[in-house]
Each structure stands twice: as structure tokens, then as C-alpha cells.
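So the structure is just underneath, and the comments pick up after that.
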Amino acid sequence: MSSVPTTAATAAGSSKPKNKSCLLHVFERHLQTLAVDRTQPILVVGGADEDLEILSAVGFRQIVLSNLRAGELNLDAEDIQLPDDSYSIVFAHAVLHHCRCPHKAVGEMVRIARQHVFFLEPNDSWVLRLLVRLNFSFPYELAAVAAHDYLEGGMRNGSIPNYIYRWTGHEVKKCVAAYHPERRINVRAHSYWDFYVNEYELLGRRESCIAKLAETLGPRNFIRFLHAAQVTLNVLPPLRAQGNKFFCAISKGELQPWIEARNRQFYLKRQDRSGSSATDSHAKQVAARHAVDGERQC
């Protein structure tokens, strides 16, 4: 996968573009915190024109798009046919919930990244689960498939509407630790409110009560209300943590202290009878020999 479908608004060709300011602010803050070198090439999984706009806006210039059926590279997010550590940075925006197995896609992205993985997805929180129960949100993306003549836009960019898989920071940590147990991984998760929609998309959400609200208030007025609400909700951390959006930064670290690399493979360090690893024992033996040689020279 996972191919990212063209957005409904693009398909319709008639609606004001989405407001990216909140997304760009969050992304920029994490790039600065991690001191990311933006001159390096960045691979986009499930890439589309919108990703070019986002990445260009935060300073990337060497942007490599990939997708399931299009782009500069034809790649499946759940089985990326690239060697380990192929790109310094890997990025995905609203791609994982189109995968049959989102966890595998995250593991693959981390595998081919040398330094960082960034992705944006729906957030999981008790408020979002409540909104689903109250029919203010729907757990499947029906509108995306409908906007593509009922032929694509769903799971793996097919005709079946995909389930909207939502993430938490703890979920990402478990996922990456299971996929890459040999390595230390640092996960930075940021949940926030961002009603990243346009008028066309609001009116297309007929499976929930959002379309009716947009028709009653007027889609433009409804968007103004949502943007005002998100500013207020993002002020206080407890409210922001319940947000609808999830930004994640994954940084690859050193090998676990009990792991060693030999011949491009990872192994558990061997333990000698004293409980020290074979590597530690060898280092001690070398140091002892050097000490004896030094005494003899004296």
C-alpha cells in the first residue's frame, strides 16, 4: 500500500484548499527539536502532490514520492522493496489507515530509514471514541471511495472503504519494539486538534451527522467554527491530548546493549560463565595483554 488516493476536494475540483497552518506548525516544531537536516533526501510513502506542498513548506527540497501504483517509485508500504537504511528520513501522511496492516507499514518505514520516520494519522482518545458513538464521526471512510466513482480510495486504494485506524504513542512504541527488538527507538507523539477539511469533504460525510450540520450552518461557516474551536482546544494540554490528529516522530538509536552485529546480522551477545558477555570478556583479555606487554617493556 498503500496508495494514497487523490483527495475528494481535488477530485471535485471545486472547493477552497485546506488550511495547513496547524499541521505545518506541529511538523516544524518537531523538525527543530530533532535538528533534522532538511538537505537530505526524504522518501514519501503513499506520496501525492499534497505531500510535496507540505514538505516544501517546511524546507525539504529533495523529495522522493512513492506510491502503490504511481509516483517516482512503485512501493508497497506493507512490503517495501528497499534495503535497510535506504533513506535518512521517511514520511507518510494519512497513509497508514489505508493499509491492511498499519503496524507492518510502520515497521517497514522504520526499517528503511537511517534516522527518522515522521507520520500523521488519526488520534485515538476517549473523546474521539465518544464522537463515533454519537455519530459525529464514522469509523470507516465511505466518502473517499464515493468520491472516486466507487472504484478506489479505500483499503490499499481499492473499492472497499478502509477502517480508520487510530494511534497512540504507546501503540507506536509497542509496534516498533516488536518489529525491531534489536534497536533502541525514541518515539515522540503529539496529539492535537486540527479540522483539516474543506467544504466539499464536510458535505460528503453523509454517513455521520456532519453533512447535515454543514448544510444547516453552511459549510464555510461550519469550517470557521471548527477552526475557532481547535484554537481553544489546543491551548490546554489535557484537551489537546484528546485531539483528532496524531503526529509521530520515530528516531532510530543504537543497538540494544545485549545485541551485537556480526556479518550484517544481529545476535544476542554470548555470555561467559561469569555472566559477562563474550564481547566484554574479549575486551578485558585484550586490555590485560596490553597491560602485561607494558610491564615487560618497563
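Each chain in the C-alpha cells gets a letter, A, B, ..., in the order shown, and its residues are numbered from 1; ligands are numbered from 1 in order too.
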Pick out the residues sitting within 12 Å of A:Arg188, and hand them over as a list of chain:residue names; count only C-alpha atoms, and ignore anything fewer than 6 positions along from it in its own chain.
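With the cut-off at 12 Å, the set is A:Val26, A:Phe27, A:Arg29, A:His30, A:Leu31, A:Thr33, A:Leu34, A:His116, A:Val117, A:Phe118, A:Phe119, A:Thr168, A:Gly169, A:His170, A:Glu171, A:Val172, A:Lys173, A:Phe246, A:Phe247, A:Cys248, A:Ala249, A:Ile250, A:Ser251, A:Lys252.
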Contacts of A:His103 at 9 Å (only C-alpha atoms; same-chain gap of 2+ positions) as a PDB file with N, CA and C atoms, in the first residue's frame:
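Wrote it out as selection12.pdb, contents follow:
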```
ATOM      1  N   GLU A  78       3.463  -1.844   2.988  1.00  0.00           N
ATOM      2  CA  GLU A  78       3.469  -3.014   3.868  1.00  0.00           C
ATOM      3  C   GLU A  78       4.544  -4.032   3.495  1.00  0.00           C
ATOM      4  N   LEU A  96      -1.354   5.318   6.599  1.00  0.00           N
ATOM      5  CA  LEU A  96      -1.376   4.063   7.354  1.00  0.00           C
ATOM      6  C   LEU A  96      -2.780   3.500   7.515  1.00  0.00           C
ATOM      7  N   CYS A  99      -3.895   1.039   4.961  1.00  0.00           N
ATOM      8  CA  CYS A  99      -3.199  -0.242   4.870  1.00  0.00           C
ATOM      9  C   CYS A  99      -4.056  -1.366   5.464  1.00  0.00           C
ATOM     10  N   CYS A 101      -2.574  -3.756   7.090  1.00  0.00           N
ATOM     11  CA  CYS A 101      -1.893  -3.932   8.376  1.00  0.00           C
ATOM     12  C   CYS A 101      -1.044  -2.698   8.660  1.00  0.00           C
ATOM     13  N   ALA A 105       3.302  -1.570   8.145  1.00  0.00           N
ATOM     14  CA  ALA A 105       3.771  -0.419   7.374  1.00  0.00           C
ATOM     15  C   ALA A 105       4.698   0.450   8.218  1.00  0.00           C
ATOM     16  N   VAL A 106       4.358   0.669   9.481  1.00  0.00           N
ATOM     17  CA  VAL A 106       5.234   1.454  10.364  1.00  0.00           C
ATOM     18  C   VAL A 106       6.579   0.755  10.531  1.00  0.00           C
ATOM     19  N   GLY A 107       6.549  -0.569  10.761  1.00  0.00           N
ATOM     20  CA  GLY A 107       7.786  -1.314  10.906  1.00  0.00           C
ATOM     21  C   GLY A 107       8.655  -1.240   9.675  1.00  0.00           C
ATOM     22  N   GLU A 108       8.049  -1.298   8.500  1.00  0.00           N
ATOM     23  CA  GLU A 108       8.799  -1.207   7.251  1.00  0.00           C
ATOM     24  C   GLU A 108       9.401   0.183   7.058  1.00  0.00           C
ATOM     25  N   VAL A 172       2.484   3.019  19.182  1.00  0.00           N
ATOM     26  CA  VAL A 172       3.639   3.097  18.281  1.00  0.00           C
ATOM     27  C   VAL A 172       4.867   2.446  18.929  1.00  0.00           C
ATOM     28  N   CYS A 175       4.535  -1.272  18.758  1.00  0.00           N
ATOM     29  CA  CYS A 175       4.643  -1.716  17.382  1.00  0.00           C
ATOM     30  C   CYS A 175       6.098  -1.774  16.917  1.00  0.00           C
ATOM     31  N   VAL A 176       6.841  -0.685  17.154  1.00  0.00           N
ATOM     32  CA  VAL A 176       8.223  -0.622  16.680  1.00  0.00           C
ATOM     33  C   VAL A 176       9.122  -1.563  17.482  1.00  0.00           C
ATOM     34  N   TYR A 179       8.680  -4.978  16.060  1.00  0.00           N
ATOM     35  CA  TYR A 179       9.216  -5.132  14.706  1.00  0.00           C
ATOM     36  C   TYR A 179      10.734  -5.025  14.681  1.00  0.00           C
TER      37      TYR A 179
END
```
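Here the question is which of A:Leu239, A:Leu255, A:Leu142, A:Pro17 gets nearest to A:Glu199 using only C-alpha atoms, and that residue is A:Pro17.
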Just the strand (DSSP E) stuff from stretch 19-224 of chain A, please, per backbone DSSP, written as a count of residues only.
37
Once DSSP has gone over the backbone, tell me which residues of stretch 141-217 of chain A are in helix (DSSP H, G or I), as a VMD selection string.
chain A and resid 142 to 146 155 to 157 169 to 179 199 to 204 210 to 217
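For the set A:Pro161, A:Gly47, A:Pro41, A:Gly59, the residue with the smallest atom-to-atom gap to A:Leu75 is A:Gly47, counting only C-alpha atoms.
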